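A.B. asks: Below is the file run_36.csv, with CSV, C-alpha atoms.
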```
chain,number,residue,atom,x,y,z
S,1167,GLY,CA,30.6,-20.9,11.6
S,1168,GLY,CA,29.6,-17.6,13.4
S,1169,ARG,CA,29.6,-15.5,10.2
S,1170,GLN,CA,27.4,-18.1,8.4
S,1171,ASP,CA,25.0,-18.2,11.4
S,1172,ALA,CA,24.7,-14.4,11.3
S,1173,ALA,CA,24.1,-14.4,7.6
S,1174,ALA,CA,21.4,-17.1,7.9
S,1175,LEU,CA,19.8,-15.1,10.7
S,1176,THR,CA,19.9,-11.9,8.5
S,1177,SER,CA,18.3,-13.6,5.5
S,1178,THR,CA,15.5,-15.0,7.6
S,1179,SER,CA,14.9,-11.8,9.4
S,1180,GLU,CA,14.8,-9.8,6.2
S,1181,ARG,CA,11.9,-12.0,4.8
S,1182,GLY,CA,8.6,-10.1,4.7
S,1183,LEU,CA,7.1,-8.9,7.9
S,1184,ALA,CA,9.7,-10.8,9.9
S,1185,ARG,CA,11.7,-7.7,9.6
S,1186,TYR,CA,9.4,-6.1,12.2
S,1187,ILE,CA,10.7,-8.5,14.9
S,1188,ARG,CA,13.1,-6.6,17.2
S,1189,ARG,CA,13.0,-6.6,20.9
S,1190,LYS,CA,12.1,-3.4,22.6
S,1191,ASP,CA,14.4,-2.8,25.6
S,1192,THR,CA,11.7,-2.3,28.2
S,1193,THR,CA,9.4,-4.2,30.5
S,1194,ASN,CA,6.9,-1.4,31.0
S,1195,VAL,CA,3.6,-2.3,29.2
S,1196,GLU,CA,2.9,1.4,28.6
S,1197,ASP,CA,6.0,1.5,26.3
S,1198,TYR,CA,4.6,-1.4,24.3
S,1199,VAL,CA,1.2,0.3,24.1
S,1200,LYS,CA,2.9,3.5,22.9
S,1201,ASP,CA,4.7,1.6,20.2
S,1202,ILE,CA,1.5,0.0,19.0
S,1203,LEU,CA,-0.3,3.4,19.0
S,1204,GLU,CA,2.5,4.8,16.9
S,1205,ALA,CA,2.0,2.0,14.4
S,1206,LYS,CA,-1.8,2.7,14.4
S,1207,LEU,CA,-1.1,6.4,13.8
S,1208,LEU,CA,1.4,5.5,11.0
S,1209,LEU,CA,-1.0,3.3,9.1
S,1210,GLY,CA,-4.0,5.6,9.6
S,1211,GLY,CA,-1.8,8.6,8.7
S,1212,SER,CA,1.1,8.6,6.4
S,1213,VAL,CA,0.6,5.1,4.9
S,1214,ALA,CA,-3.1,5.8,4.2
S,1215,GLU,CA,-2.2,9.2,2.7
S,1216,SER,CA,0.4,7.6,0.5
S,1217,VAL,CA,-2.1,5.1,-0.7
S,1218,ARG,CA,-4.6,7.9,-1.5
S,1219,MET,CA,-1.8,9.6,-3.5
S,1220,ARG,CA,-1.1,6.2,-5.1
S,1221,ASP,CA,2.5,6.4,-3.9
S,1222,TYR,CA,2.6,2.8,-2.9
S,1223,GLU,CA,6.4,2.6,-2.7
S,1224,ARG,CA,6.4,5.3,-0.1
S,1225,ALA,CA,3.7,3.6,1.9
S,1226,ARG,CA,5.6,0.3,1.9
S,1227,THR,CA,8.9,2.1,2.9
S,1228,SER,CA,7.1,3.7,5.8
S,1229,LEU,CA,5.9,0.3,7.0
S,1230,TYR,CA,9.4,-1.2,7.0
S,1231,ASN,CA,11.3,1.8,8.4
S,1232,GLN,CA,9.0,2.5,11.3
S,1233,LEU,CA,7.5,-0.8,12.5
S,1234,GLN,CA,10.7,-2.5,13.6
S,1235,THR,CA,9.7,-3.3,17.2
S,1236,PHE,CA,6.0,-3.7,16.5
S,1237,ARG,CA,5.7,-7.5,16.6
S,1238,SER,CA,7.4,-7.8,20.0
S,1239,SER,CA,5.3,-5.0,21.4
S,1240,VAL,CA,2.1,-6.8,20.2
S,1241,ARG,CA,3.3,-10.1,21.8
S,1242,SER,CA,4.1,-8.3,25.0
S,1243,VAL,CA,0.7,-6.6,25.2
S,1244,VAL,CA,-1.2,-9.8,24.3
S,1245,THR,CA,0.8,-11.6,27.1
S,1246,TYR,CA,0.1,-8.8,29.5
S,1247,ARG,CA,-3.7,-9.0,28.8
S,1248,GLU,CA,-3.6,-12.8,29.4
S,1249,LEU,CA,-1.7,-12.4,32.7
S,1250,ASN,CA,-4.1,-9.7,33.9
S,1251,GLY,CA,-7.3,-11.6,32.9
S,1252,LEU,CA,-8.3,-9.0,30.3
S,1253,ALA,CA,-10.4,-10.0,27.2
S,1254,PRO,CA,-8.1,-11.9,24.9
S,1255,VAL,CA,-7.0,-10.4,21.6
S,1256,GLU,CA,-5.7,-12.8,19.0
S,1257,MET,CA,-2.3,-11.8,17.6
S,1258,GLN,CA,-3.4,-12.7,14.2
S,1259,SER,CA,-6.2,-10.1,14.4
S,1260,VAL,CA,-3.4,-7.5,14.4
S,1261,PHE,CA,-0.8,-9.2,12.2
S,1262,GLY,CA,-3.3,-10.4,9.6
S,1263,PRO,CA,-4.4,-7.0,8.4
S,1264,LEU,CA,-0.8,-5.7,8.5
S,1265,GLU,CA,0.4,-8.6,6.4
S,1266,SER,CA,-2.6,-8.1,4.1
S,1267,VAL,CA,-1.8,-4.4,3.6
S,1268,ASP,CA,1.9,-5.3,2.9
S,1269,GLY,CA,0.9,-7.9,0.3
S,1270,LEU,CA,-1.6,-5.5,-1.3
S,1271,LEU,CA,1.0,-2.8,-1.5
S,1272,VAL,CA,3.4,-5.1,-3.4
S,1273,LYS,CA,0.5,-5.9,-5.9
S,1274,ALA,CA,-0.3,-2.2,-6.2
S,1275,ILE,CA,3.4,-1.3,-6.9
S,1276,ASN,CA,3.6,-4.0,-9.6
S,1277,THR,CA,0.2,-3.0,-11.1
S,1278,SER,CA,1.1,0.7,-11.0
S,1279,ASP,CA,4.5,0.0,-12.8
S,1280,LYS,CA,2.6,-2.1,-15.5
S,1281,LEU,CA,0.1,0.8,-15.9
S,1282,LYS,CA,2.9,3.4,-16.4
S,1283,GLU,CA,4.6,1.1,-19.0
S,1284,LYS,CA,1.3,0.6,-20.9
S,1285,LYS,CA,0.5,4.3,-20.8
S,1286,THR,CA,3.9,5.2,-22.2
S,1287,GLU,CA,3.5,2.6,-25.0
S,1288,ARG,CA,0.0,4.0,-25.8
S,1289,GLU,CA,1.3,7.6,-25.8
S,1290,GLU,CA,4.1,6.7,-28.2
S,1291,ALA,CA,1.6,4.8,-30.5
S,1292,LEU,CA,-0.8,7.8,-30.4
S,1293,ALA,CA,2.0,10.2,-31.2
S,1294,LYS,CA,3.0,8.1,-34.2
S,1295,ALA,CA,-0.6,7.8,-35.4
S,1296,LYS,CA,-1.1,11.6,-35.0
S,1297,ALA,CA,2.1,12.3,-37.0
S,1298,LYS,CA,0.9,10.0,-39.7
S,1299,ALA,CA,-2.5,11.6,-39.7
S,1300,GLU,CA,-0.9,15.1,-39.9
S,1301,ARG,CA,1.1,14.0,-43.0
S,1302,LYS,CA,-2.0,12.6,-44.6
S,1303,LYS,CA,-4.0,15.7,-43.8
S,1304,LYS,CA,-1.4,17.9,-45.5
S,1305,GLN,CA,-1.5,15.7,-48.6
S,1306,GLN,CA,-5.3,15.6,-48.9
S,1307,GLN,CA,-5.9,19.3,-48.0
S,1308,GLU,CA,-9.3,18.5,-46.6
S,1309,LYS,CA,-8.9,20.7,-43.5
S,1310,LYS,CA,-12.4,21.0,-42.0
S,1311,GLN,CA,-13.5,17.4,-42.4
S,1312,GLN,CA,-10.1,16.2,-41.0
S,1313,GLU,CA,-10.2,18.5,-38.0
S,1314,LYS,CA,-13.7,17.3,-37.1
S,1315,GLU,CA,-12.6,13.6,-37.3
S,1316,GLY,CA,-9.4,14.5,-35.4
S,1317,ASP,CA,-11.5,16.0,-32.5
S,1318,GLU,CA,-13.7,13.0,-32.3
S,1319,GLY,CA,-10.7,10.7,-32.2
S,1320,GLU,CA,-9.1,12.7,-29.3
S,1321,ARG,CA,-12.3,12.5,-27.3
S,1322,GLU,CA,-12.3,8.7,-27.7
S,1323,ASP,CA,-8.8,8.5,-26.4
S,1324,ASP,CA,-9.7,10.4,-23.2
S,1325,THR,CA,-12.3,7.7,-22.3
S,1326,PHE,CA,-9.8,4.8,-22.9
S,1327,GLN,CA,-9.1,2.9,-19.8
S,1328,PHE,CA,-6.5,0.3,-18.9
S,1329,GLU,CA,-7.5,-2.8,-17.0
S,1330,GLU,CA,-4.7,-1.9,-14.5
S,1331,GLU,CA,-6.6,1.3,-13.6
S,1332,GLU,CA,-9.6,-0.8,-12.5
S,1333,GLU,CA,-7.2,-3.2,-10.6
S,1334,LEU,CA,-5.8,-0.2,-8.8
S,1335,VAL,CA,-9.2,1.0,-7.8
S,1336,ASP,CA,-9.9,-2.4,-6.4
S,1337,LEU,CA,-6.5,-2.6,-4.6
S,1338,ASP,CA,-7.1,0.9,-3.1
S,1339,ARG,CA,-10.4,-0.3,-1.7
S,1340,LYS,CA,-8.9,-3.4,-0.2
S,1341,LEU,CA,-6.0,-1.4,1.2
S,1342,ALA,CA,-8.4,1.0,2.9
S,1343,GLU,CA,-10.3,-2.1,4.4
S,1344,GLY,CA,-7.0,-3.6,5.6
S,1345,ILE,CA,-5.9,-0.3,7.2
S,1346,ALA,CA,-9.3,0.0,8.9
S,1347,ALA,CA,-9.1,-3.6,10.2
S,1348,PHE,CA,-5.6,-2.9,11.6
S,1349,GLN,CA,-6.8,0.4,13.2
S,1350,GLU,CA,-9.7,-1.5,14.9
S,1351,ALA,CA,-7.5,-4.4,16.1
S,1352,THR,CA,-4.7,-2.2,17.5
S,1353,GLN,CA,-7.3,0.0,19.3
S,1354,LYS,CA,-8.8,-3.1,20.9
S,1355,LEU,CA,-5.4,-4.4,21.9
S,1356,VAL,CA,-4.2,-1.2,23.6
S,1357,GLU,CA,-7.4,-0.8,25.7
S,1358,ILE,CA,-5.8,-2.3,28.8
S,1359,ASN,CA,-7.2,0.0,31.4
S,1360,SER,CA,-10.8,0.4,30.2
S,1361,SER,CA,-11.2,-3.4,29.9
S,1362,LYS,CA,-10.1,-3.8,33.5
S,1363,ASN,CA,-12.7,-1.3,34.7
S,1364,ASP,CA,-15.5,-2.9,32.7
S,1365,GLU,CA,-15.2,-6.2,34.4
```
With the file now loaded, output its structure as structure tokens.
C.D. replies:
Amino acid sequence: GGRQDAAALTSTSERGLARYIRRKDTTNVEDYVKDILEAKLLLGGSVAESVRMRDYERARTSLYNQLQTFRSSVRSVVTYRELNGLAPVEMQSVFGPLESVDGLLVKAINTSDKLKEKKTEREEALAKAKAKAERKKKQQQEKKQQEKEGDEGEREDDTFQFEEEEELVDLDRKLAEGIAAFQEATQKLVEINSSKNDE
């Protein structure tokens, strides 16, 4: 009984962003705010940098390793805002962009893997074609003409583009938008003192 319950709990908590749910052992709202600001810094810093470097695996690992108490902190600050009559902030305005970034990172990892695979296949095919052309060149002994054709062929290869490269450009743009939306939402959420003074 107990072991099965624990296993069931683990499997559900491991699913997606549910892994971020872990209670923070505090009742001080400043601790929750600090936790949210750390998440904001993480996404705007190392996660965004990993995305720029196209190291999507590292970006996703950072998310999972460092945002473990994030959800409970957001809930606590949202509740605090409600209890203190501050402008409400929808939890989804914070979780939505985070979930979007997570989903986009998964797509980017898969697309990046597919691109690496296709590039390897293409390099192998080009190497075979080049070896074949070299053999033909030796047989025909038409050096100057062959070299000229070879140069043109290589230039053509440099401009070749895989559809995955275009997909990654699009995913990078969407990731940047998701990170920006997260930054904006978390900033709004943690402004608990200024909102009080404004009213």
A.B. asks: If I take atom CA of S:Gln1305 and atom CA of S:Leu1292, how far is one from the other in Å, to one decimal?
C.D. replies: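 Going from atom CA of S:Gln1305 over to atom CA of S:Leu1292 covers 19.9 Å.
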A.B. asks: I want to know what sits within 8 Å of S:Val1255, based on only C-alpha atoms, with residues of the same chain fewer than 6 positions away left out; could you give that as an MDAnalysis selection string?
C.D. replies: chainID S and resid 1244 1354:1355
A.B. asks: What lies within 10 Å of S:Glu1350 using all atoms listed in the file, ignoring chain neighbours under 5 positions off, as a list in words?
C.D. replies: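 My list of contacting residues is Lys1206, Ser1259, Val1260, Gly1344, Ile1345 and Leu1355 of chain S.
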A.B. asks: Quick check, in Å to one decimal: how far apart do atom CA of S:Phe1236 and atom CA of S:Leu1207 lie?
C.D. replies: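 It comes out at 12.6 Å.
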A.B. asks: Restricting the calculation to all atoms listed in the file, which member of S:Phe1328, S:Tyr1198, S:Phe1348, S:Phe1261 is positioned closest to S:Thr1277?
C.D. replies: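 Result for the nearest residue to S:Thr1277: S:Phe1328.
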A.B. asks: Between S:Glu1357, S:Lys1200, S:Leu1249, S:Arg1220, single out the one closest to S:Val1335, counting only C-alpha atoms.
C.D. replies: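 Answer, going by the shortest atom-to-atom distance: S:Arg1220.
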A.B. asks: Taking all atoms listed in the file into account, which of S:Lys1302, S:Tyr1222, S:Val1240, S:Gln1232 comes nearest S:Glu1204?
C.D. replies: S:Gln1232
A.B. asks: Kindly reconstruct stretch 1199-1216 of chain S with N, CA and C atoms and present the result as a PDB file, in the frame of the given file.
C.D. replies:
```pdb
ATOM      1  N   VAL S1199       2.481  -0.298  24.560  1.00  0.00           N
ATOM      2  CA  VAL S1199       1.200   0.300  24.100  1.00  0.00           C
ATOM      3  C   VAL S1199       1.533   1.529  23.234  1.00  0.00           C
ATOM      4  N   LYS S1200       2.484   2.350  23.684  1.00  0.00           N
ATOM      5  CA  LYS S1200       2.900   3.500  22.900  1.00  0.00           C
ATOM      6  C   LYS S1200       3.389   3.147  21.537  1.00  0.00           C
ATOM      7  N   ASP S1201       4.190   2.088  21.490  1.00  0.00           N
ATOM      8  CA  ASP S1201       4.700   1.600  20.200  1.00  0.00           C
ATOM      9  C   ASP S1201       3.614   1.163  19.279  1.00  0.00           C
ATOM     10  N   ILE S1202       2.606   0.478  19.822  1.00  0.00           N
ATOM     11  CA  ILE S1202       1.500   0.000  19.000  1.00  0.00           C
ATOM     12  C   ILE S1202       0.632   1.206  18.546  1.00  0.00           C
ATOM     13  N   LEU S1203       0.437   2.189  19.421  1.00  0.00           N
ATOM     14  CA  LEU S1203      -0.300   3.400  19.000  1.00  0.00           C
ATOM     15  C   LEU S1203       0.397   4.175  17.938  1.00  0.00           C
ATOM     16  N   GLU S1204       1.727   4.173  17.995  1.00  0.00           N
ATOM     17  CA  GLU S1204       2.500   4.800  16.900  1.00  0.00           C
ATOM     18  C   GLU S1204       2.299   4.134  15.599  1.00  0.00           C
ATOM     19  N   ALA S1205       2.248   2.788  15.640  1.00  0.00           N
ATOM     20  CA  ALA S1205       2.000   2.000  14.400  1.00  0.00           C
ATOM     21  C   ALA S1205       0.605   2.285  13.879  1.00  0.00           C
ATOM     22  N   LYS S1206      -0.362   2.385  14.795  1.00  0.00           N
ATOM     23  CA  LYS S1206      -1.800   2.700  14.400  1.00  0.00           C
ATOM     24  C   LYS S1206      -1.823   4.043  13.735  1.00  0.00           C
ATOM     25  N   LEU S1207      -1.128   5.002  14.325  1.00  0.00           N
ATOM     26  CA  LEU S1207      -1.100   6.400  13.800  1.00  0.00           C
ATOM     27  C   LEU S1207      -0.414   6.384  12.410  1.00  0.00           C
ATOM     28  N   LEU S1208       0.662   5.613  12.283  1.00  0.00           N
ATOM     29  CA  LEU S1208       1.400   5.500  11.000  1.00  0.00           C
ATOM     30  C   LEU S1208       0.519   5.001   9.894  1.00  0.00           C
ATOM     31  N   LEU S1209      -0.175   3.888  10.157  1.00  0.00           N
ATOM     32  CA  LEU S1209      -1.000   3.300   9.100  1.00  0.00           C
ATOM     33  C   LEU S1209      -2.212   4.194   8.780  1.00  0.00           C
ATOM     34  N   GLY S1210      -2.821   4.756   9.823  1.00  0.00           N
ATOM     35  CA  GLY S1210      -4.000   5.600   9.600  1.00  0.00           C
ATOM     36  C   GLY S1210      -3.584   6.970   9.020  1.00  0.00           C
ATOM     37  N   GLY S1211      -2.316   7.343   9.189  1.00  0.00           N
ATOM     38  CA  GLY S1211      -1.800   8.600   8.700  1.00  0.00           C
ATOM     39  C   GLY S1211      -1.063   8.567   7.427  1.00  0.00           C
ATOM     40  N   SER S1212       0.279   8.512   7.551  1.00  0.00           N
ATOM     41  CA  SER S1212       1.100   8.600   6.400  1.00  0.00           C
ATOM     42  C   SER S1212       0.960   7.472   5.372  1.00  0.00           C
ATOM     43  N   VAL S1213       0.739   6.240   5.871  1.00  0.00           N
ATOM     44  CA  VAL S1213       0.600   5.100   4.900  1.00  0.00           C
ATOM     45  C   VAL S1213      -0.737   5.268   4.164  1.00  0.00           C
ATOM     46  N   ALA S1214      -1.830   5.576   4.880  1.00  0.00           N
ATOM     47  CA  ALA S1214      -3.100   5.800   4.200  1.00  0.00           C
ATOM     48  C   ALA S1214      -3.069   6.936   3.232  1.00  0.00           C
ATOM     49  N   GLU S1215      -2.373   7.997   3.607  1.00  0.00           N
ATOM     50  CA  GLU S1215      -2.200   9.200   2.700  1.00  0.00           C
ATOM     51  C   GLU S1215      -1.451   8.813   1.472  1.00  0.00           C
ATOM     52  N   SER S1216      -0.357   8.051   1.638  1.00  0.00           N
ATOM     53  CA  SER S1216       0.400   7.600   0.500  1.00  0.00           C
ATOM     54  C   SER S1216      -0.397   6.760  -0.463  1.00  0.00           C
TER      55      SER S1216
END
```
